[in-house]
Amino acid sequence: MVDAKNMYMRYTRGEQFALENVSFTIDRGEFVFFVGSSGAGKSTLLKLIIREIIPSSGGLKVFNRDVSRLPRHRLPYLRRNIGMVFQDFRLMEERSVYDNVAFAMIVIGSSRKEIRRRVPHLLKLVGLGNKAKVRIKDLSGGEQQRVGLARAIANRPAMIIADEPTGNLDPGTALDIMNLLRNINLRGTTVLVATHNRDIVDRFKKRVIYFENGKLVGDEQKGIYSNVH
Amino acid sequence: MNKRGFIPMFISSFIYIIGETFKGLYRNRWMCITSTGVVAVTILMLGVFMVVNMNLSHVTELVKEQVEIVVYIDEEADQSTISKLEEKLTGHPEIEEVVYVSSEEHMGRLRQQLGGMLEGYDTSLENPLLASYEIKTVEPESIVMLADEFETYPGVSNVFYGRGYVENLFAVTGVIQMIGIALMIGLAVTAVFLISHTIKLTVMMRKREIAIMKYVGATNWFIRWPFLLEGMLMGFIGAVLPMVFLYYIYQTSLDWVAANDLMFISPLPLEMVMIELAKYLVPLGTGLGMLGSTFSMGRFLRV
């Protein structure tokens, strides 16, 4: 799914590398935590995977395609196979829960019939079946992130990328969200989570890739957060 | 990879795009009204200019057809010189028609023009008017050149062709066109600038939505359409409004001309003028709107 080989990334010439000689492979259906303190390179890595940026050198393949060589007009089709979840949710706050999820489907040209059928199903899946008409700004943080998750899986992506999905949530709510992500993963979707939430990483016992100052310093199956230090 | 969604524009997308277009217009209504207003003023000025210019060219054409050269025959020329001159003129390839007017005929015309003022003028006195040839040329534009040529012919006293009158007419038309074009360019640039600014505001307000759209995989065209339509709509309305205005102005002018017995000005008919205006102004307004929105978007789509 994701295949990085001796990948380097720096934003401006002469500056320090944001990522330095990073290599790893992630297979279909995996659940992976990227951990490390802020500035370690986690966010840079996620941006590279969705091709917001292109590696300075080295190779990065996503869905078996070299992202550096992906022409700009093909970019939307890469993104349709990746569901994004953000720390700050990035929802349209004035609109309803239903509209926010439907939006992702409208944008890629789904039929009205399909949208009407799928959105309620998605909302039920994330536990918001009875909140379809509520506006985003009237929801709690946890509920908002559930909307974010529903939106991320709306177009049946092969992979979910979550950037600090629990960063703004209290521990209990954070756990709920992570359990939802695990359920999504159990249905076959690859899930990549960047986090520095030690508690959650230790509790889930999934593959953990550690970053420190832009370098990959560890990659363990059933890893725990503490191993980095 | 999922290839759906590029060509198949489902109703949901269509409704979304149309909805966003009008939402954008509504949220920015004051800027939209201003921009549309500037487009309207631009188009109105261009329209007025076009109407004036169309009528002026029409009149110029009519005048051109009437312009002729008068070659006065030298009093002292003998009969053989005169017949040689006539031969030369009638055989000239750039001359369409040659009419001989005797000095008596000239006197007759003068009497007619001056009415009773020549009463009592002694007809037994020698007629001071010269006989002449009145010449129509094939091309009205070659008058000046031909007149100079005729002046060198033997037996010619002098040549008259309404010098100045013709030249002034052409010069005035030219100046009006230059001023009009300069004004138009200035206003058109302003219109494009204002439209692009208005749309930039809509884009800024929807920055968050655009970012989300990019993340869930919207194509650039899908994101662009509402903004493009917004600009085109502003341009279109900005063109249609002055057309309505011009229709009434021109109709009123025609009525005024008719009421004051000025039909010899021979203005062009209303329908013809409006069709001509619509043909140029509506696409121009819409195009200006499109240009404005294109300028405002480029950089926002590079996510």
# chains A, B, ... in the order shown; residues from 1 in each chain; ligands from 1
$ interface_residues --of "chain A" --to "chain B" --cutoff "8 Å" --atoms "only C-alpha atoms" --output "PDB file with N, CA and C atoms, in the first residue's frame"
ATOM      1  N   GLU A  52       0.573  15.945  -0.841  1.00  0.00           N
ATOM      2  CA  GLU A  52       0.499  17.382  -0.709  1.00  0.00           C
ATOM      3  C   GLU A  52       1.884  17.938  -1.021  1.00  0.00           C
ATOM      4  N   HIS A  73      -3.300  16.034 -12.604  1.00  0.00           N
ATOM      5  CA  HIS A  73      -4.726  15.777 -12.847  1.00  0.00           C
ATOM      6  C   HIS A  73      -5.177  14.411 -12.335  1.00  0.00           C
ATOM      7  N   LEU A  75      -4.265  13.412  -9.342  1.00  0.00           N
ATOM      8  CA  LEU A  75      -4.250  13.569  -7.891  1.00  0.00           C
ATOM      9  C   LEU A  75      -5.605  13.316  -7.231  1.00  0.00           C
ATOM     10  N   PRO A  76      -6.710  13.884  -7.763  1.00  0.00           N
ATOM     11  CA  PRO A  76      -8.001  13.629  -7.120  1.00  0.00           C
ATOM     12  C   PRO A  76      -8.315  12.142  -6.982  1.00  0.00           C
ATOM     13  N   TYR A  77      -7.869  11.345  -7.952  1.00  0.00           N
ATOM     14  CA  TYR A  77      -8.208   9.925  -7.913  1.00  0.00           C
ATOM     15  C   TYR A  77      -7.378   9.170  -6.884  1.00  0.00           C
ATOM     16  N   LEU A  78      -6.182   9.680  -6.590  1.00  0.00           N
ATOM     17  CA  LEU A  78      -5.393   9.136  -5.482  1.00  0.00           C
ATOM     18  C   LEU A  78      -6.110   9.444  -4.175  1.00  0.00           C
ATOM     19  N   ARG A  79      -6.543  10.688  -4.044  1.00  0.00           N
ATOM     20  CA  ARG A  79      -7.161  11.138  -2.788  1.00  0.00           C
ATOM     21  C   ARG A  79      -8.479  10.407  -2.514  1.00  0.00           C
ATOM     22  N   ARG A  80      -9.171  10.009  -3.576  1.00  0.00           N
ATOM     23  CA  ARG A  80     -10.440   9.307  -3.370  1.00  0.00           C
ATOM     24  C   ARG A  80     -10.236   7.947  -2.730  1.00  0.00           C
ATOM     25  N   ASN A  81      -9.005   7.451  -2.821  1.00  0.00           N
ATOM     26  CA  ASN A  81      -8.723   6.159  -2.208  1.00  0.00           C
ATOM     27  C   ASN A  81      -8.118   6.292  -0.820  1.00  0.00           C
ATOM     28  N   ILE A  82      -8.015   7.543  -0.362  1.00  0.00           N
ATOM     29  CA  ILE A  82      -7.476   7.790   0.969  1.00  0.00           C
ATOM     30  C   ILE A  82      -8.478   8.629   1.755  1.00  0.00           C
ATOM     31  N   GLY A  83      -8.920   8.129   2.905  1.00  0.00           N
ATOM     32  CA  GLY A  83      -9.813   8.918   3.752  1.00  0.00           C
ATOM     33  C   GLY A  83      -8.975   9.660   4.783  1.00  0.00           C
ATOM     34  N   MET A  84      -9.204  10.983   4.886  1.00  0.00           N
ATOM     35  CA  MET A  84      -8.405  11.771   5.834  1.00  0.00           C
ATOM     36  C   MET A  84      -9.209  12.110   7.089  1.00  0.00           C
ATOM     37  N   ARG A  90     -11.893  19.531  10.717  1.00  0.00           N
ATOM     38  CA  ARG A  90     -12.093  20.147   9.393  1.00  0.00           C
ATOM     39  C   ARG A  90     -13.461  19.817   8.803  1.00  0.00           C
ATOM     40  N   LEU A  91     -14.469  20.232   9.519  1.00  0.00           N
ATOM     41  CA  LEU A  91     -15.841  20.048   9.035  1.00  0.00           C
ATOM     42  C   LEU A  91     -16.420  21.410   8.690  1.00  0.00           C
ATOM     43  N   MET A  92     -17.537  21.404   7.966  1.00  0.00           N
ATOM     44  CA  MET A  92     -18.222  22.661   7.667  1.00  0.00           C
ATOM     45  C   MET A  92     -19.214  22.903   8.795  1.00  0.00           C
ATOM     46  N   ALA A 104     -18.754  14.806   0.767  1.00  0.00           N
ATOM     47  CA  ALA A 104     -17.644  14.016   0.235  1.00  0.00           C
ATOM     48  C   ALA A 104     -18.088  13.187  -0.965  1.00  0.00           C
ATOM     49  N   ILE A 106     -20.855  13.958  -2.950  1.00  0.00           N
ATOM     50  CA  ILE A 106     -21.263  14.873  -4.032  1.00  0.00           C
ATOM     51  C   ILE A 106     -20.038  15.264  -4.856  1.00  0.00           C
ATOM     52  N   VAL A 107     -18.980  15.594  -4.102  1.00  0.00           N
ATOM     53  CA  VAL A 107     -17.759  16.107  -4.719  1.00  0.00           C
ATOM     54  C   VAL A 107     -17.153  15.134  -5.734  1.00  0.00           C
ATOM     55  N   ILE A 108     -17.301  13.843  -5.497  1.00  0.00           N
ATOM     56  CA  ILE A 108     -16.720  12.908  -6.470  1.00  0.00           C
ATOM     57  C   ILE A 108     -17.774  12.434  -7.458  1.00  0.00           C
ATOM     58  N   GLY A 109     -18.967  13.016  -7.390  1.00  0.00           N
ATOM     59  CA  GLY A 109     -19.973  12.734  -8.410  1.00  0.00           C
ATOM     60  C   GLY A 109     -20.817  11.500  -8.172  1.00  0.00           C
ATOM     61  N   SER A 110     -21.081  11.171  -6.899  1.00  0.00           N
ATOM     62  CA  SER A 110     -21.966  10.037  -6.624  1.00  0.00           C
ATOM     63  C   SER A 110     -23.406  10.416  -6.969  1.00  0.00           C
ATOM     64  N   SER A 111     -24.224   9.426  -7.259  1.00  0.00           N
ATOM     65  CA  SER A 111     -25.626   9.709  -7.594  1.00  0.00           C
ATOM     66  C   SER A 111     -26.396  10.031  -6.319  1.00  0.00           C
ATOM     67  N   ARG A 112     -27.499  10.782  -6.490  1.00  0.00           N
ATOM     68  CA  ARG A 112     -28.305  11.157  -5.334  1.00  0.00           C
ATOM     69  C   ARG A 112     -28.851   9.929  -4.609  1.00  0.00           C
ATOM     70  N   ALA A 152     -14.643  10.278   6.149  1.00  0.00           N
ATOM     71  CA  ALA A 152     -13.421   9.661   5.630  1.00  0.00           C
ATOM     72  C   ALA A 152     -13.713   8.335   4.923  1.00  0.00           C
TER      73      ALA A 152
END
$ residues_around --residues "B:Met54" --least-positions-apart "3" --cutoff "12 Å" --atoms "only C-alpha atoms" --output "CSV table (one decimal) with C-alpha atoms, in the first residue's frame"
chain,number,residue,atom,x,y,z
B,46,LEU,CA,-19.0,50.5,-25.6
B,47,GLY,CA,-22.6,50.3,-26.8
B,48,VAL,CA,-23.1,54.0,-27.1
B,49,PHE,CA,-19.8,54.2,-29.0
B,50,MET,CA,-20.8,51.3,-31.3
B,51,VAL,CA,-24.2,52.9,-32.0
B,57,SER,CA,-20.0,54.8,-40.9
B,58,HIS,CA,-23.4,54.6,-42.4
B,59,VAL,CA,-23.5,58.3,-43.1
B,60,THR,CA,-19.9,58.3,-44.3
B,61,GLU,CA,-20.8,55.5,-46.8
B,173,THR,CA,-14.6,59.1,-37.6
B,176,ILE,CA,-13.9,59.0,-32.3
B,177,GLN,CA,-12.8,55.4,-32.8
B,266,SER,CA,-30.9,58.4,-42.2
B,267,PRO,CA,-30.2,56.6,-38.9
B,268,LEU,CA,-30.0,52.8,-39.0
B,269,PRO,CA,-33.1,50.9,-37.9
B,270,LEU,CA,-33.5,49.8,-34.2
B,272,MET,CA,-30.5,46.0,-36.9
B,273,VAL,CA,-28.6,48.1,-34.3
B,274,MET,CA,-29.7,45.9,-31.4
B,276,GLU,CA,-25.4,44.0,-34.0
B,277,LEU,CA,-24.9,45.1,-30.3
$ closest_atom_pairs --of "stretch 202-223 of chain A" --to "stretch 21-36 of chain A" --cutoff "8 Å" --atoms "only C-alpha atoms" --output "JSON lines"
{"residue": "A:Lys206", "atom": "CA", "partner": "A:Val32", "partner_atom": "CA", "distance": 6.3}
{"residue": "A:Arg207", "atom": "CA", "partner": "A:Val32", "partner_atom": "CA", "distance": 4.9}
{"residue": "A:Val208", "atom": "CA", "partner": "A:Phe33", "partner_atom": "CA", "distance": 4.7}
{"residue": "A:Ile209", "atom": "CA", "partner": "A:Phe34", "partner_atom": "CA", "distance": 5.0}
{"residue": "A:Tyr210", "atom": "CA", "partner": "A:Val35", "partner_atom": "CA", "distance": 5.0}
{"residue": "A:Phe211", "atom": "CA", "partner": "A:Gly36", "partner_atom": "CA", "distance": 5.0}
{"residue": "A:Glu212", "atom": "CA", "partner": "A:Gly36", "partner_atom": "CA", "distance": 6.0}
{"residue": "A:Lys215", "atom": "CA", "partner": "A:Val22", "partner_atom": "CA", "distance": 6.5}
{"residue": "A:Leu216", "atom": "CA", "partner": "A:Val22", "partner_atom": "CA", "distance": 5.8}
$ atom_distance --atom1 "atom CA of B:Trp30" --atom2 "atom CA of B:Leu183"
25.1 Å
$ select_by_dssp --residues "stretch 22-242 of chain B" --states "strand (DSSP E)" --output "list in words"
Ile69, Val70, Val71, Tyr72, Ile73, Ile95, Glu96, Glu97, Val98, Val99, Tyr100, Val101, Ser132, Tyr133, Glu134, Ile135, Lys136, Thr137, Val156, Ser157, Asn158, Val159 and Phe160 of chain B
$ select_by_dssp --residues "stretch 62-301 of chain B" --states "helix (DSSP H, G or I)" --output "MDAnalysis selection string"
chainID B and resid 62:66 79:90 103:118 140:151 165:205 207:216 220:259 263:265 270:301
$ atom_distance --atom1 "atom CA of B:Gln112" --atom2 "atom CA of B:Val156"
26.2 Å
$ atom_distance --atom1 "atom CA of A:Val191" --atom2 "atom CA of A:Met159"
5.8 Å
$ residues_around --residues "stretch 32-37 of chain B" --least-positions-apart "2" --cutoff "10 Å" --atoms "only C-alpha atoms" --output "number ranges by chain"
B: 24-30, 39-43, 190-199, 230-231, 233-239, 241-242, 285, 289
$ residues_around --residues "B:Val138" --least-positions-apart "3" --cutoff "10 Å" --atoms "only C-alpha atoms" --output "PDB file with N, CA and C atoms, in the first residue's frame"
ATOM      1  N   GLU B  65     -20.662  58.020 -51.477  1.00  0.00           N
ATOM      2  CA  GLU B  65     -21.301  57.733 -52.753  1.00  0.00           C
ATOM      3  C   GLU B  65     -21.645  59.011 -53.518  1.00  0.00           C
ATOM      4  N   PRO B  93      -9.597  54.584 -66.451  1.00  0.00           N
ATOM      5  CA  PRO B  93     -10.141  53.358 -65.848  1.00  0.00           C
ATOM      6  C   PRO B  93     -10.752  53.575 -64.446  1.00  0.00           C
ATOM      7  N   GLU B  94     -10.353  54.626 -63.749  1.00  0.00           N
ATOM      8  CA  GLU B  94     -10.855  54.799 -62.380  1.00  0.00           C
ATOM      9  C   GLU B  94     -12.074  55.722 -62.316  1.00  0.00           C
ATOM     10  N   ILE B  95     -12.558  56.095 -63.490  1.00  0.00           N
ATOM     11  CA  ILE B  95     -13.719  56.982 -63.514  1.00  0.00           C
ATOM     12  C   ILE B  95     -14.958  56.221 -63.961  1.00  0.00           C
ATOM     13  N   GLU B  96     -16.028  56.434 -63.214  1.00  0.00           N
ATOM     14  CA  GLU B  96     -17.242  55.692 -63.503  1.00  0.00           C
ATOM     15  C   GLU B  96     -18.131  56.464 -64.479  1.00  0.00           C
ATOM     16  N   GLU B  97     -18.191  57.787 -64.276  1.00  0.00           N
ATOM     17  CA  GLU B  97     -19.163  58.577 -65.040  1.00  0.00           C
ATOM     18  C   GLU B  97     -18.630  59.996 -65.243  1.00  0.00           C
ATOM     19  N   ILE B 135     -17.439  64.465 -62.310  1.00  0.00           N
ATOM     20  CA  ILE B 135     -16.901  63.106 -62.417  1.00  0.00           C
ATOM     21  C   ILE B 135     -17.209  62.275 -61.192  1.00  0.00           C
ATOM     22  N   GLU B 141     -12.399  56.567 -52.274  1.00  0.00           N
ATOM     23  CA  GLU B 141     -11.148  56.906 -51.592  1.00  0.00           C
ATOM     24  C   GLU B 141     -10.097  57.481 -52.533  1.00  0.00           C
ATOM     25  N   SER B 142     -10.244  57.244 -53.856  1.00  0.00           N
ATOM     26  CA  SER B 142      -9.189  57.684 -54.783  1.00  0.00           C
ATOM     27  C   SER B 142      -9.397  59.123 -55.260  1.00  0.00           C
ATOM     28  N   ILE B 143     -10.421  59.790 -54.689  1.00  0.00           N
ATOM     29  CA  ILE B 143     -10.757  61.147 -55.127  1.00  0.00           C
ATOM     30  C   ILE B 143      -9.573  62.106 -55.065  1.00  0.00           C
TER      31      ILE B 143
END
$ decode --residues "stretch 26-152 of chain A" --atoms "C-alpha atoms" --output "CSV table (one decimal), in the first residue's frame"
chain,number,residue,atom,x,y,z
A,26,ILE,CA,2.9,-1.1,4.8
A,27,ASP,CA,0.7,-3.8,3.5
A,28,ARG,CA,-3.0,-3.9,2.7
A,29,GLY,CA,-5.1,-4.2,5.8
A,30,GLU,CA,-2.5,-3.1,8.3
A,31,PHE,CA,-3.0,-0.8,11.3
A,32,VAL,CA,0.0,1.3,11.9
A,33,PHE,CA,0.8,4.0,14.5
A,34,PHE,CA,3.4,6.7,13.6
A,35,VAL,CA,4.7,8.1,16.8
A,36,GLY,CA,7.2,10.7,17.9
A,37,SER,CA,7.2,14.1,19.5
A,38,SER,CA,6.0,17.0,17.5
A,39,GLY,CA,8.5,18.0,14.7
A,40,ALA,CA,9.7,14.4,14.5
A,41,GLY,CA,8.4,14.1,10.9
A,42,LYS,CA,5.0,12.4,11.3
A,43,SER,CA,3.0,15.1,9.7
A,44,THR,CA,5.5,15.5,6.9
A,45,LEU,CA,5.1,11.8,6.2
A,46,LEU,CA,1.3,12.0,6.0
A,47,LYS,CA,1.6,15.0,3.7
A,48,LEU,CA,3.9,12.9,1.4
A,49,ILE,CA,1.5,10.0,1.3
A,50,ILE,CA,-1.4,12.1,0.2
A,51,ARG,CA,1.0,14.0,-2.1
A,52,GLU,CA,0.5,17.4,-0.7
A,53,ILE,CA,4.3,17.5,-1.0
A,54,ILE,CA,6.8,15.5,-3.1
A,55,PRO,CA,9.9,13.8,-1.6
A,56,SER,CA,13.2,15.6,-2.2
A,57,SER,CA,14.8,12.3,-3.1
A,58,GLY,CA,14.2,8.6,-2.7
A,59,GLY,CA,11.1,6.7,-3.7
A,60,LEU,CA,7.6,6.7,-2.3
A,61,LYS,CA,4.9,4.4,-3.8
A,62,VAL,CA,1.3,4.7,-2.7
A,63,PHE,CA,-1.0,2.0,-4.1
A,64,ASN,CA,2.0,0.8,-6.1
A,65,ARG,CA,2.3,4.1,-7.9
A,66,ASP,CA,5.3,6.5,-7.6
A,67,VAL,CA,3.7,9.6,-6.2
A,68,SER,CA,6.5,11.9,-7.5
A,69,ARG,CA,5.5,10.9,-11.0
A,70,LEU,CA,1.8,11.1,-10.5
A,71,PRO,CA,0.5,13.9,-12.8
A,72,ARG,CA,-1.5,16.6,-11.2
A,73,HIS,CA,-4.7,15.8,-12.8
A,74,ARG,CA,-4.6,12.2,-11.4
A,75,LEU,CA,-4.3,13.6,-7.9
A,76,PRO,CA,-8.0,13.6,-7.1
A,77,TYR,CA,-8.2,9.9,-7.9
A,78,LEU,CA,-5.4,9.1,-5.5
A,79,ARG,CA,-7.2,11.1,-2.8
A,80,ARG,CA,-10.4,9.3,-3.4
A,81,ASN,CA,-8.7,6.2,-2.2
A,82,ILE,CA,-7.5,7.8,1.0
A,83,GLY,CA,-9.8,8.9,3.8
A,84,MET,CA,-8.4,11.8,5.8
A,85,VAL,CA,-9.1,12.4,9.5
A,86,PHE,CA,-7.8,15.5,11.2
A,87,GLN,CA,-7.1,16.6,14.8
A,88,ASP,CA,-9.2,19.8,14.2
A,89,PHE,CA,-11.9,17.7,12.4
A,90,ARG,CA,-12.1,20.1,9.4
A,91,LEU,CA,-15.8,20.0,9.0
A,92,MET,CA,-18.2,22.7,7.7
A,93,GLU,CA,-19.6,23.9,10.9
A,94,GLU,CA,-22.6,25.7,9.7
A,95,ARG,CA,-23.9,22.6,8.0
A,96,SER,CA,-25.6,19.5,9.2
A,97,VAL,CA,-24.0,16.2,10.0
A,98,TYR,CA,-25.7,14.7,7.0
A,99,ASP,CA,-24.5,17.4,4.7
A,100,ASN,CA,-20.9,17.1,5.8
A,101,VAL,CA,-20.8,13.4,5.0
A,102,ALA,CA,-22.9,13.7,1.8
A,103,PHE,CA,-20.5,16.5,0.6
A,104,ALA,CA,-17.6,14.0,0.2
A,105,MET,CA,-19.9,11.9,-2.0
A,106,ILE,CA,-21.3,14.9,-4.0
A,107,VAL,CA,-17.8,16.1,-4.7
A,108,ILE,CA,-16.7,12.9,-6.5
A,109,GLY,CA,-20.0,12.7,-8.4
A,110,SER,CA,-22.0,10.0,-6.6
A,111,SER,CA,-25.6,9.7,-7.6
A,112,ARG,CA,-28.3,11.2,-5.3
A,113,LYS,CA,-29.8,7.7,-4.8
A,114,GLU,CA,-26.5,6.3,-3.6
A,115,ILE,CA,-25.9,9.3,-1.3
A,116,ARG,CA,-29.4,8.9,0.2
A,117,ARG,CA,-28.8,5.2,0.8
A,118,ARG,CA,-25.2,5.4,2.1
A,119,VAL,CA,-25.1,8.4,4.4
A,120,PRO,CA,-27.6,7.1,7.0
A,121,HIS,CA,-25.8,3.8,7.0
A,122,LEU,CA,-22.4,5.6,7.6
A,123,LEU,CA,-23.9,7.7,10.4
A,124,LYS,CA,-25.3,4.6,12.1
A,125,LEU,CA,-21.9,3.0,11.8
A,126,VAL,CA,-20.2,5.8,13.8
A,127,GLY,CA,-23.1,6.0,16.3
A,128,LEU,CA,-24.7,9.2,15.0
A,129,GLY,CA,-27.8,7.6,13.5
A,130,ASN,CA,-30.1,10.0,15.3
A,131,LYS,CA,-28.1,13.2,14.7
A,132,ALA,CA,-28.2,13.6,10.9
A,133,LYS,CA,-29.9,17.0,11.0
A,134,VAL,CA,-27.9,18.5,13.9
A,135,ARG,CA,-25.4,21.2,12.9
A,136,ILE,CA,-21.8,20.5,13.4
A,137,LYS,CA,-21.2,23.4,15.8
A,138,ASP,CA,-23.9,21.9,18.1
A,139,LEU,CA,-22.0,18.7,18.5
A,140,SER,CA,-19.3,17.7,21.1
A,141,GLY,CA,-15.7,17.2,20.0
A,142,GLY,CA,-16.1,13.4,20.1
A,143,GLU,CA,-19.2,13.6,18.0
A,144,GLN,CA,-17.5,15.9,15.5
A,145,GLN,CA,-14.7,13.4,15.1
A,146,ARG,CA,-17.2,10.7,14.4
A,147,VAL,CA,-18.6,12.8,11.6
A,148,GLY,CA,-15.0,13.2,10.4
A,149,LEU,CA,-14.7,9.4,10.4
A,150,ALA,CA,-18.0,8.9,8.6
A,151,ARG,CA,-16.8,11.3,5.9
A,152,ALA,CA,-13.4,9.7,5.6
